[in-house]
file query.cif (mmCIF, C-alpha atoms)
data_model
#
loop_
_atom_site.label_atom_id
_atom_site.label_comp_id
_atom_site.auth_asym_id
_atom_site.auth_seq_id
_atom_site.Cartn_x
_atom_site.Cartn_y
_atom_site.Cartn_z
CA MET A 13 -52.58 -41.93 35.85
CA GLY A 14 -50.65 -38.99 37.28
CA PHE A 15 -50.39 -38.35 41.00
CA PHE A 16 -52.53 -35.22 41.06
CA LYS A 17 -55.18 -36.66 38.73
CA SER A 18 -55.45 -39.76 40.92
CA LEU A 19 -55.75 -37.62 44.04
CA LYS A 20 -58.35 -35.39 42.41
CA GLU A 21 -60.47 -38.35 41.35
CA GLY A 22 -60.13 -39.90 44.82
CA LEU A 23 -61.48 -36.73 46.43
CA LYS A 24 -64.40 -36.39 44.01
CA LYS A 25 -67.11 -37.15 46.60
CA THR A 26 -65.70 -34.60 49.03
CA ARG A 27 -65.29 -32.04 46.25
CA ASP A 28 -68.79 -32.63 44.88
CA GLY A 29 -70.29 -32.48 48.37
CA ILE A 30 -69.60 -29.83 50.95
CA MET A 31 -66.44 -28.53 49.31
CA GLY A 32 -68.46 -27.98 46.15
CA GLN A 33 -70.87 -25.89 48.17
CA ILE A 34 -67.95 -23.89 49.57
CA ASP A 35 -66.66 -23.28 46.06
CA ALA A 36 -70.15 -22.14 45.03
CA LEU A 37 -70.26 -19.86 48.08
CA PHE A 38 -67.24 -17.89 46.91
CA LYS A 39 -68.76 -17.57 43.43
CA ARG A 40 -72.18 -16.55 44.75
CA PHE A 41 -71.00 -13.66 46.92
CA THR A 42 -70.20 -10.38 45.22
CA LYS A 43 -68.45 -8.83 48.22
CA VAL A 44 -66.40 -9.95 51.19
CA ASP A 45 -68.40 -9.48 54.39
CA GLU A 46 -69.16 -11.20 57.67
CA GLU A 47 -72.07 -13.12 56.17
CA LEU A 48 -69.63 -14.88 53.83
CA PHE A 49 -67.45 -15.99 56.76
CA GLU A 50 -70.45 -17.17 58.78
CA GLU A 51 -71.77 -19.30 55.92
CA LEU A 52 -68.27 -20.65 55.28
CA GLU A 53 -67.94 -21.70 58.91
CA GLU A 54 -71.29 -23.53 58.81
CA LEU A 55 -70.27 -25.42 55.68
CA LEU A 56 -66.91 -26.40 57.19
CA ILE A 57 -68.60 -27.80 60.28
CA ALA A 58 -70.94 -29.79 58.01
CA ALA A 59 -67.86 -31.18 56.25
CA ASP A 60 -66.63 -32.77 59.50
CA VAL A 61 -63.88 -30.20 59.87
CA GLY A 62 -65.04 -29.65 63.46
CA MET A 63 -66.20 -26.49 65.21
CA LEU A 64 -62.86 -25.40 66.69
CA THR A 65 -60.95 -26.00 63.46
CA SER A 66 -63.66 -24.27 61.39
CA GLU A 67 -63.48 -21.23 63.65
CA LYS A 68 -59.70 -21.12 63.35
CA ILE A 69 -59.84 -21.32 59.55
CA CYS A 70 -62.31 -18.46 59.34
CA ASP A 71 -60.39 -16.32 61.84
CA THR A 72 -57.17 -16.89 59.88
CA LEU A 73 -58.98 -16.01 56.67
CA ARG A 74 -60.37 -12.80 58.18
CA ASP A 75 -56.84 -11.75 59.17
CA LYS A 76 -55.49 -12.47 55.68
CA VAL A 77 -58.31 -10.52 54.05
CA LYS A 78 -57.64 -7.60 56.35
CA LYS A 79 -53.87 -7.64 55.74
CA THR A 80 -54.15 -8.00 51.97
CA GLY A 81 -57.14 -5.70 51.55
CA THR A 82 -58.84 -8.33 49.41
CA LYS A 83 -62.32 -7.39 48.26
CA ASP A 84 -62.91 -10.11 45.64
CA PRO A 85 -64.54 -13.34 46.93
CA GLY A 86 -62.66 -15.21 44.21
CA GLN A 87 -59.37 -14.10 45.74
CA VAL A 88 -60.65 -15.12 49.18
CA ARG A 89 -61.16 -18.59 47.70
CA ASP A 90 -57.45 -18.70 46.83
CA LEU A 91 -56.58 -17.52 50.34
CA PHE A 92 -58.85 -20.26 51.73
CA ILE A 93 -56.99 -22.97 49.77
CA GLU A 94 -53.69 -21.49 50.94
CA THR A 95 -54.91 -21.51 54.56
CA ILE A 96 -55.92 -25.17 54.39
CA ALA A 97 -52.51 -26.14 53.01
CA GLU A 98 -50.74 -24.14 55.74
CA MET A 99 -52.79 -25.75 58.51
CA LEU A 100 -52.05 -29.23 57.20
CA ASP A 101 -48.35 -28.57 56.74
CA GLY A 102 -45.81 -30.29 58.94
CA ASP A 103 -43.35 -33.15 58.95
CA MET A 104 -45.03 -35.96 57.03
CA SER A 105 -41.82 -37.93 56.49
CA LEU A 106 -41.21 -41.40 57.89
CA ARG A 107 -38.13 -41.76 60.07
CA LEU A 108 -36.77 -45.06 58.83
CA ASP A 109 -33.02 -44.50 58.71
CA THR A 110 -31.88 -47.45 60.81
CA LYS A 111 -31.60 -51.01 59.57
CA PRO A 112 -33.95 -52.41 60.54
CA SER A 113 -36.53 -49.76 61.29
CA VAL A 114 -39.87 -50.74 62.84
CA ILE A 115 -43.37 -49.66 61.89
CA LEU A 116 -46.22 -50.55 64.25
CA VAL A 117 -49.58 -50.38 62.47
CA ILE A 118 -52.64 -50.05 64.72
CA GLY A 119 -56.35 -49.40 64.26
CA VAL A 120 -59.77 -50.90 64.88
CA ASN A 121 -61.06 -53.75 62.75
CA GLY A 122 -62.63 -52.77 59.44
CA VAL A 123 -60.63 -49.61 58.71
CA GLY A 124 -58.50 -51.25 56.01
CA LYS A 125 -55.48 -51.98 58.22
CA THR A 126 -54.38 -55.25 56.63
CA THR A 127 -54.80 -53.92 53.09
CA THR A 128 -52.86 -50.80 54.03
CA ILE A 129 -49.96 -52.88 55.35
CA GLY A 130 -49.92 -54.80 52.07
CA LYS A 131 -49.83 -51.58 50.06
CA LEU A 132 -47.05 -50.17 52.24
CA CYS A 133 -45.02 -53.34 51.70
CA SER A 134 -45.46 -53.09 47.95
CA ALA A 135 -44.52 -49.41 47.96
CA PHE A 136 -41.38 -49.96 50.04
CA ARG A 137 -40.33 -52.85 47.82
CA LYS A 138 -40.67 -50.65 44.75
CA ASP A 139 -38.36 -48.21 46.49
CA GLY A 140 -35.80 -50.97 46.80
CA LYS A 141 -36.40 -51.76 50.48
CA LYS A 142 -36.41 -55.25 51.94
CA VAL A 143 -39.43 -55.70 54.21
CA VAL A 144 -40.40 -58.30 56.80
CA ILE A 145 -43.96 -58.47 58.12
CA ALA A 146 -44.78 -59.58 61.66
CA ALA A 147 -48.37 -60.85 61.84
CA ALA A 148 -48.92 -59.78 65.46
CA ASP A 149 -52.71 -59.49 65.20
CA THR A 150 -53.04 -63.02 66.51
CA PHE A 151 -56.65 -62.59 67.63
CA ARG A 152 -57.99 -62.96 64.08
CA ALA A 153 -56.96 -65.88 61.90
CA ALA A 154 -58.28 -63.90 58.93
CA ALA A 155 -55.76 -61.13 59.58
CA ILE A 156 -52.88 -63.61 59.40
CA ASP A 157 -54.27 -65.19 56.24
CA GLN A 158 -54.75 -61.80 54.56
CA LEU A 159 -51.22 -60.72 55.41
CA GLU A 160 -49.86 -63.94 53.93
CA ILE A 161 -51.61 -63.11 50.64
CA TRP A 162 -50.16 -59.61 50.64
CA ALA A 163 -46.68 -60.85 51.61
CA GLU A 164 -46.68 -63.25 48.68
CA ARG A 165 -47.96 -60.56 46.32
CA ALA A 166 -45.38 -58.00 47.49
CA LYS A 167 -42.64 -60.63 47.69
CA CYS A 168 -41.96 -59.89 51.35
CA ASP A 169 -41.11 -62.32 54.13
CA ILE A 170 -43.70 -62.86 56.85
CA VAL A 171 -43.30 -64.05 60.44
CA LYS A 172 -46.41 -65.59 61.96
CA HIS A 173 -47.54 -67.73 64.86
CA THR A 174 -50.81 -69.55 65.38
CA GLU A 175 -54.03 -67.76 66.22
CA GLY A 176 -54.15 -66.77 69.89
CA SER A 177 -50.38 -66.58 70.31
CA ASP A 178 -48.67 -63.79 72.27
CA PRO A 179 -48.36 -60.75 69.90
CA ALA A 180 -45.12 -59.65 71.60
CA ALA A 181 -43.60 -63.06 70.83
CA VAL A 182 -44.41 -62.57 67.15
CA VAL A 183 -42.72 -59.16 67.21
CA PHE A 184 -39.69 -60.72 68.95
CA ASP A 185 -39.36 -63.29 66.16
CA GLY A 186 -40.01 -60.58 63.58
CA ILE A 187 -37.08 -58.51 64.87
CA SER A 188 -34.83 -61.57 64.86
CA ALA A 189 -35.85 -62.36 61.28
CA ALA A 190 -35.37 -58.76 60.14
CA LYS A 191 -31.86 -58.72 61.58
CA ALA A 192 -30.91 -62.15 60.19
CA ARG A 193 -32.24 -61.33 56.71
CA LYS A 194 -30.78 -57.80 56.74
CA ALA A 195 -34.19 -56.26 56.17
CA ASP A 196 -34.62 -52.50 55.98
CA ILE A 197 -38.07 -52.39 57.57
CA LEU A 198 -40.12 -54.55 59.91
CA ILE A 199 -43.86 -53.84 59.69
CA CYS A 200 -45.86 -55.16 62.64
CA ASP A 201 -49.60 -55.65 62.45
CA THR A 202 -51.36 -55.33 65.81
CA ALA A 203 -54.78 -56.32 67.10
CA GLY A 204 -57.57 -53.94 66.14
CA ARG A 205 -59.42 -53.61 69.40
CA LEU A 206 -60.45 -50.51 71.29
CA HIS A 207 -63.12 -51.75 73.66
CA ASN A 208 -60.65 -51.95 76.54
CA LYS A 209 -58.05 -49.17 76.49
CA LYS A 210 -56.10 -50.63 79.41
CA HIS A 211 -55.72 -53.95 77.62
CA LEU A 212 -54.61 -52.11 74.48
CA MET A 213 -52.09 -50.05 76.44
CA ASP A 214 -50.74 -53.14 78.20
CA GLU A 215 -50.38 -55.05 74.95
CA LEU A 216 -48.67 -52.22 73.11
CA ALA A 217 -46.44 -51.53 76.10
CA LYS A 218 -45.31 -55.17 76.07
CA ILE A 219 -44.58 -54.99 72.33
CA ASN A 220 -42.62 -51.77 72.81
CA ARG A 221 -40.61 -53.32 75.63
CA VAL A 222 -39.61 -56.14 73.29
CA ILE A 223 -38.54 -53.62 70.65
CA ASP A 224 -36.64 -51.57 73.24
CA ARG A 225 -34.78 -54.68 74.36
CA GLU A 226 -34.13 -56.36 71.00
CA ALA A 227 -33.66 -53.30 68.76
CA PRO A 228 -32.96 -50.42 71.16
CA ASP A 229 -31.52 -48.02 68.58
CA CYS A 230 -33.98 -48.60 65.78
CA ASP A 231 -36.18 -45.89 64.29
CA ARG A 232 -39.82 -46.52 65.14
CA GLU A 233 -43.07 -45.30 63.61
CA VAL A 234 -46.48 -45.88 65.17
CA LEU A 235 -49.08 -45.39 62.47
CA LEU A 236 -52.82 -45.38 63.13
CA VAL A 237 -55.12 -46.41 60.27
CA LEU A 238 -58.45 -44.55 60.25
CA ASP A 239 -61.50 -44.91 58.01
CA ALA A 240 -62.41 -41.47 56.61
CA THR A 241 -66.02 -42.52 56.03
CA THR A 242 -66.61 -42.52 59.79
CA GLY A 243 -66.06 -38.75 60.04
CA GLN A 244 -65.94 -37.45 63.60
CA ASN A 245 -65.84 -41.00 64.95
CA ALA A 246 -62.42 -41.34 63.34
CA ILE A 247 -61.24 -38.38 65.43
CA ASN A 248 -62.55 -40.05 68.59
CA GLN A 249 -60.64 -43.22 67.70
CA ALA A 250 -57.49 -41.22 67.03
CA ARG A 251 -57.80 -39.44 70.36
CA ALA A 252 -58.08 -42.76 72.24
CA PHE A 253 -55.18 -44.36 70.38
CA LYS A 254 -53.03 -41.25 70.78
CA ASP A 255 -53.34 -41.53 74.55
CA ALA A 256 -52.59 -45.25 74.50
CA ALA A 257 -50.00 -45.70 71.79
CA GLY A 258 -47.81 -42.61 71.30
CA LEU A 259 -48.75 -42.09 67.66
CA THR A 260 -46.23 -40.71 65.18
CA GLY A 261 -48.62 -40.51 62.25
CA ILE A 262 -51.99 -41.37 60.72
CA ILE A 263 -52.99 -43.20 57.57
CA LEU A 264 -56.45 -42.10 56.45
CA THR A 265 -58.15 -44.66 54.19
CA LYS A 266 -61.28 -44.70 52.01
CA LEU A 267 -61.26 -40.98 51.21
CA ASP A 268 -62.65 -41.89 47.80
CA GLY A 269 -65.78 -43.34 49.44
CA THR A 270 -66.87 -40.32 51.45
CA ALA A 271 -67.74 -36.64 51.25
CA ARG A 272 -66.10 -36.19 54.68
CA GLY A 273 -62.59 -35.42 53.46
CA GLY A 274 -62.58 -32.37 55.71
CA VAL A 275 -61.88 -34.70 58.64
CA VAL A 276 -58.20 -34.48 57.64
CA LEU A 277 -58.16 -30.90 58.91
CA ALA A 278 -59.79 -31.78 62.21
CA ILE A 279 -57.35 -34.64 62.84
CA LYS A 280 -54.30 -32.46 62.24
CA GLU A 281 -55.57 -29.42 64.15
CA GLU A 282 -57.27 -31.07 67.12
CA LEU A 283 -54.81 -33.89 67.72
CA GLY A 284 -51.53 -32.48 66.43
CA VAL A 285 -50.71 -35.81 64.76
CA PRO A 286 -49.55 -35.62 61.13
CA VAL A 287 -51.43 -37.46 58.39
CA LYS A 288 -48.65 -39.33 56.58
CA PHE A 289 -50.59 -41.34 53.99
CA ILE A 290 -54.06 -41.20 52.47
CA GLY A 291 -56.00 -43.87 50.61
CA VAL A 292 -57.98 -42.55 47.66
CA GLY A 293 -58.92 -45.80 45.91
CA GLU A 294 -58.53 -49.56 45.78
CA LYS A 295 -55.47 -49.78 43.52
CA ILE A 296 -52.00 -50.26 44.94
CA GLU A 297 -50.94 -46.75 43.87
CA ASP A 298 -53.97 -45.17 45.54
CA LEU A 299 -52.20 -45.21 48.90
CA GLN A 300 -50.29 -41.96 48.57
CA PRO A 301 -47.88 -39.98 50.75
CA PHE A 302 -49.88 -37.05 52.06
CA ASN A 303 -49.06 -33.67 50.53
CA PRO A 304 -50.98 -30.73 52.05
CA LYS A 305 -50.63 -28.43 49.05
CA ALA A 306 -51.81 -31.07 46.60
CA PHE A 307 -54.66 -32.11 48.91
CA ALA A 308 -55.95 -28.55 49.30
CA ALA A 309 -55.70 -27.93 45.56
CA ALA A 310 -57.44 -31.21 44.69
CA LEU A 311 -60.43 -30.26 46.83
CA PHE A 312 -61.12 -27.51 44.28
CA GLU A 313 -59.46 -29.00 41.17
CA ASN A 314 -56.95 -26.19 41.39
CA SER A 315 -54.05 -27.84 39.55
CA ASP A 316 -52.40 -24.48 38.82
CA SER A 317 -51.25 -24.19 42.43
CA VAL A 318 -49.66 -27.63 42.53
CA GLY A 319 -45.95 -28.10 41.96
CA ASP A 320 -43.99 -31.24 41.16
CA PHE A 321 -43.93 -34.18 43.55
CA ASP A 322 -41.49 -37.01 44.00
CA ILE A 323 -43.96 -39.87 44.24
CA THR A 324 -42.71 -43.40 43.66
CA PHE A 325 -45.71 -45.33 44.95
CA GLY A 326 -47.52 -47.22 42.21
CA GLU A 327 -44.65 -47.48 39.78
CA LYS A 328 -43.62 -50.77 38.27
CA THR A 329 -41.21 -53.03 40.08
CA ASP A 330 -37.80 -53.81 38.63
CA ASP A 331 -39.09 -57.01 37.09
CA GLY A 332 -41.91 -55.14 35.34
CA GLU A 333 -44.71 -56.53 37.47
CA ASP A 334 -47.11 -54.71 39.70
CA ALA A 335 -46.60 -55.70 43.32
CA GLY A 336 -50.38 -55.73 43.78
CA ASP A 337 -53.30 -56.67 41.59
CA GLY A 338 -55.50 -53.76 42.65
CA GLU A 339 -58.06 -55.88 44.46
CA ASN A 340 -59.64 -54.53 47.58
CA HIS A 341 -59.07 -57.18 50.25
CA LYS A 342 -61.36 -55.75 52.90
CA ASP A 343 -60.37 -56.16 56.52
CA GLU A 344 -62.97 -57.87 58.63
#
call {"tool": "encode", "arguments": {"input": "query.cif", "output": "structure tokens"}}
result
Amino acid sequence: MGFFKSLKEGLKKTRDGIMGQIDALFKRFTKVDEELFEELEELLIAADVGMLTSEKICDTLRDKVKKTGTKDPGQVRDLFIETIAEMLDGDMSLRLDTKPSVILVIGVNGVGKTTTIGKLCSAFRKDGKKVVIAAADTFRAAAIDQLEIWAERAKCDIVKHTEGSDPAAVVFDGISAAKARKADILICDTAGRLHNKKHLMDELAKINRVIDREAPDCDREVLLVLDATTGQNAINQARAFKDAAGLTGIILTKLDGTARGGVVLAIKEELGVPVKFIGVGEKIEDLQPFNPKAFAAALFENSDSVGDFDITFGEKTDDGEDAGDGENHKDE
């Protein structure tokens, strides 16, 4: 399945829900007036875009209509898609130029964190990268067990301690292993707790001190995994983690299971943190690098406005095998 087709199918619930109503809105109106913008804003808020972001979209759209002299609601629809893509645009790349580079993956339990790490490992391996996993979520034995399954499937090395061990000690050993085995990337799982922000901050600070000491010049990404089905609650989680962890990007999972895909806009606009990957299904290739133009077009099945993309996730490995079997190993 092609990249855009997979993305389009993954966003079906969002497209059939509120975004479908927005599409119908542009077709229902015969002229461009303030009533159109007011109804559009209400629908955006209902789509979990958020009030401030919805207002900004409509204000931007008003300015574009005024500058272009557009009088056709169908053309306003195209301007709307363009506006969404522009608002989502930014630097979505991962800075992983050093060897090793470190990725810290954080997020509350149940968002799909462990599965996401497994998919990232498989994707990096298909790109020819050597990956080591540090199982630093030592508060859940299940997390360690799940990562072992994914490490075996993706043919990546894993560093683990026993349940209840010091997470920073696991990261220390992970860095040592990554250096000794000449790995390109070290991916560190971290505990998925948010009930005590100070504890979270202290734990992450300790992990970062270990990285600063043992790999001071390495590139570092701090990626927060969020569950799109939780809508505005995902934004609240992101806000808390941003304050505590110094996020460099967000991975938004389970977009295929919700009509709340508009939350992507709210996250980018309200928090200023780029969405770097989205999950639009259970298969290994359904974790995709985020592309604003493709995302905006897929919300309205507008394939004409989508160019070519260099997407390697989901391709076969060199030995002809898939690095994952497509199962959905749900995080607990």
call {"tool": "resolve_selection", "arguments": {"input": "query.cif", "expression": "the PyMOL selection byres ((chain A and resi 48) around 12)", "output": "JSON, numbers by chain"}}
result
{"A": [34, 35, 36, 37, 38, 39, 40, 41, 42, 43, 44, 45, 46, 47, 49, 50, 51, 52, 53, 54, 55, 70, 73, 74, 83, 84, 85, 86, 88, 89]}
call {"tool": "resolve_selection", "arguments": {"input": "query.cif", "expression": "the PyMOL selection byres ((chain A and resi 173) around 9)", "output": "PyMOL selection string"}}
result
chain A and resi 147-148+150+156+171-172+174-179+181-182
call {"tool": "write_last_selection", "arguments": {"input": "query.cif", "atoms": "C-alpha atoms", "output": "short mmCIF file (atom, residue, chain, number, x, y, z; two decimals), in the frame of the given file"}}
result
data_model
loop_
_atom_site.label_atom_id
_atom_site.label_comp_id
_atom_site.auth_asym_id
_atom_site.auth_seq_id
_atom_site.Cartn_x
_atom_site.Cartn_y
_atom_site.Cartn_z
CA ALA A 147 -48.37 -60.85 61.84
CA ALA A 148 -48.92 -59.78 65.46
CA THR A 150 -53.04 -63.02 66.51
CA ILE A 156 -52.88 -63.61 59.40
CA VAL A 171 -43.30 -64.05 60.44
CA LYS A 172 -46.41 -65.59 61.96
CA THR A 174 -50.81 -69.55 65.38
CA GLU A 175 -54.03 -67.76 66.22
CA GLY A 176 -54.15 -66.77 69.89
CA SER A 177 -50.38 -66.58 70.31
CA ASP A 178 -48.67 -63.79 72.27
CA PRO A 179 -48.36 -60.75 69.90
CA ALA A 181 -43.60 -63.06 70.83
CA VAL A 182 -44.41 -62.57 67.15
#
call {"tool": "resolve_selection", "arguments": {"input": "query.cif", "expression": "the PyMOL selection byres ((chain A and resi 131) around 9)", "output": "count of residues only"}}
result
19
call {"tool": "atom_distance", "arguments": {"input": "query.cif", "atom1": "CA of Leu23 in chain A", "atom2": "CA of Ile96 in chain A"}}
result
15.1 Å
call {"tool": "closest_residue", "arguments": {"input": "query.cif", "among": "A:Thr241, A:Thr95, A:Thr265, A:Asn248", "to": "Phe302 in chain A", "atoms": "only C-alpha atoms"}}
result
A:Thr265
call {"tool": "closest_residue", "arguments": {"input": "query.cif", "among": "A:Cys230, A:Val143, A:Val275, A:Val123", "to": "Gly62 in chain A", "atoms": "all atoms listed in the file"}}
result
A:Val275
call {"tool": "residues_around", "arguments": {"input": "query.cif", "residues": "Asp239 in chain A", "least_positions_apart": "3", "cutoff": "8 Å", "atoms": "all atoms listed in the file", "output": "number ranges by chain"}}
result
A: 123-124, 242-243, 246, 264-267
call {"tool": "closest_residue", "arguments": {"input": "query.cif", "among": "A:Ala250, A:Val183, A:Ala257, A:Ala195", "to": "Lys210 in chain A", "atoms": "all atoms listed in the file"}}
result
A:Ala257
call {"tool": "atom_distance", "arguments": {"input": "query.cif", "atom1": "CA of Gly274 in chain A", "atom2": "CA of Thr65 in chain A"}}
result
10.2 Å
call {"tool": "residues_around", "arguments": {"input": "query.cif", "residues": "range 112-115 of chain A", "least_positions_apart": "6", "cutoff": "8 Å", "atoms": "all atoms listed in the file", "output": "list in words"}}
result
Ala190, Lys191, Lys194, Ala195, Asp196, Ile197, Leu198, Ile199, Cys200, Cys230, Asp231, Arg232, Glu233, Val234 and Leu235 of chain A
call {"tool": "closest_residue", "arguments": {"input": "query.cif", "among": "A:Ile187, A:Ala153, A:Ile118, A:Ala192", "to": "Met213 in chain A", "atoms": "all atoms listed in the file"}}
result
A:Ile118
call {"tool": "atom_distance", "arguments": {"input": "query.cif", "atom1": "CA of Lys280 in chain A", "atom2": "CA of Val117 in chain A"}}
result
18.5 Å
call {"tool": "axis_aligned_box", "arguments": {"input": "query.cif", "around": "range 280-293 of chain A", "padding_each_side": "6 Å", "output": "lines of an AutoDock Vina configuration file"}}
result
center_x = -53.8
center_y = -37.6
center_z = 56.8
size_x = 22.3
size_y = 28.4
size_z = 33.8
call {"tool": "closest_residue", "arguments": {"input": "query.cif", "among": "A:Arg272, A:Arg225, A:Lys288, A:Arg137", "to": "Leu311 in chain A", "atoms": "all atoms listed in the file"}}
result
A:Arg272
call {"tool": "closest_residue", "arguments": {"input": "query.cif", "among": "A:Gly204, A:Ile263, A:Asp255, A:Lys141", "to": "Leu108 in chain A", "atoms": "all atoms listed in the file"}}
result
A:Lys141
call {"tool": "residues_around", "arguments": {"input": "query.cif", "residues": "Val285 in chain A", "least_positions_apart": "3", "cutoff": "8 Å", "atoms": "only C-alpha atoms", "output": "list in words"}}
result
Leu259, Thr260, Gly261, Ile262, Ile279 and Lys280 of chain A
call {"tool": "decode", "arguments": {"input": "query.cif", "residues": "range 22-72 of chain A", "atoms": "C-alpha atoms", "output": "JSON list (two decimals), in the first residue's frame"}}
result
[["chain", "number", "residue", "atom", "x", "y", "z"],
["A", 22, "GLY", "CA", -5.65, 5.77, 8.74],
["A", 23, "LEU", "CA", -7.42, 9.14, 8.93],
["A", 24, "LYS", "CA", -10.78, 7.76, 7.78],
["A", 25, "LYS", "CA", -12.54, 8.26, 11.14],
["A", 26, "THR", "CA", -11.37, 11.86, 11.38],
["A", 27, "ARG", "CA", -12.30, 12.50, 7.75],
["A", 28, "ASP", "CA", -15.72, 10.87, 8.10],
["A", 29, "GLY", "CA", -16.39, 12.74, 11.34],
["A", 30, "ILE", "CA", -15.90, 16.44, 11.89],
["A", 31, "MET", "CA", -13.66, 16.96, 8.87],
["A", 32, "GLY", "CA", -16.40, 15.45, 6.73],
["A", 33, "GLN", "CA", -18.78, 18.02, 8.13],
["A", 34, "ILE", "CA", -16.28, 20.78, 7.31],
["A", 35, "ASP", "CA", -16.01, 19.49, 3.76],
["A", 36, "ALA", "CA", -19.81, 19.49, 3.52],
["A", 37, "LEU", "CA", -19.86, 23.03, 4.90],
["A", 38, "PHE", "CA", -17.83, 24.36, 1.98],
["A", 39, "LYS", "CA", -20.11, 22.54, -0.46],
["A", 40, "ARG", "CA", -23.30, 23.73, 1.23],
["A", 41, "PHE", "CA", -22.50, 27.44, 1.17],
["A", 42, "THR", "CA", -23.02, 29.32, -2.08],
["A", 43, "LYS", "CA", -21.14, 32.45, -1.00],
["A", 44, "VAL", "CA", -18.26, 33.37, 1.26],
["A", 45, "ASP", "CA", -19.55, 35.30, 4.27],
["A", 46, "GLU", "CA", -19.07, 35.60, 8.01],
["A", 47, "GLU", "CA", -21.61, 32.86, 8.71],
["A", 48, "LEU", "CA", -19.36, 30.39, 6.87],
["A", 49, "PHE", "CA", -16.37, 31.32, 9.05],
["A", 50, "GLU", "CA", -18.41, 31.12, 12.26],
["A", 51, "GLU", "CA", -19.70, 27.64, 11.45],
["A", 52, "LEU", "CA", -16.20, 26.56, 10.43],
["A", 53, "GLU", "CA", -14.80, 27.73, 13.75],
["A", 54, "GLU", "CA", -17.46, 25.79, 15.68],
["A", 55, "LEU", "CA", -16.68, 22.61, 13.76],
["A", 56, "LEU", "CA", -12.93, 23.01, 14.33],
["A", 57, "ILE", "CA", -13.46, 23.36, 18.07],
["A", 58, "ALA", "CA", -15.61, 20.20, 18.00],
["A", 59, "ALA", "CA", -12.74, 18.42, 16.23],
["A", 60, "ASP", "CA", -10.43, 19.03, 19.23],
["A", 61, "VAL", "CA", -8.48, 21.67, 17.35],
["A", 62, "GLY", "CA", -8.92, 23.97, 20.36],
["A", 63, "MET", "CA", -10.48, 27.42, 20.60],
["A", 64, "LEU", "CA", -7.32, 29.51, 20.15],
["A", 65, "THR", "CA", -6.08, 27.44, 17.21],
["A", 66, "SER", "CA", -9.54, 27.43, 15.60],
["A", 67, "GLU", "CA", -9.71, 31.22, 15.86],
["A", 68, "LYS", "CA", -6.26, 31.56, 14.31],
["A", 69, "ILE", "CA", -7.17, 29.29, 11.39],
["A", 70, "CYS", "CA", -10.32, 31.27, 10.64],
["A", 71, "ASP", "CA", -8.54, 34.63, 10.97],
["A", 72, "THR", "CA", -5.81, 33.44, 8.60]]
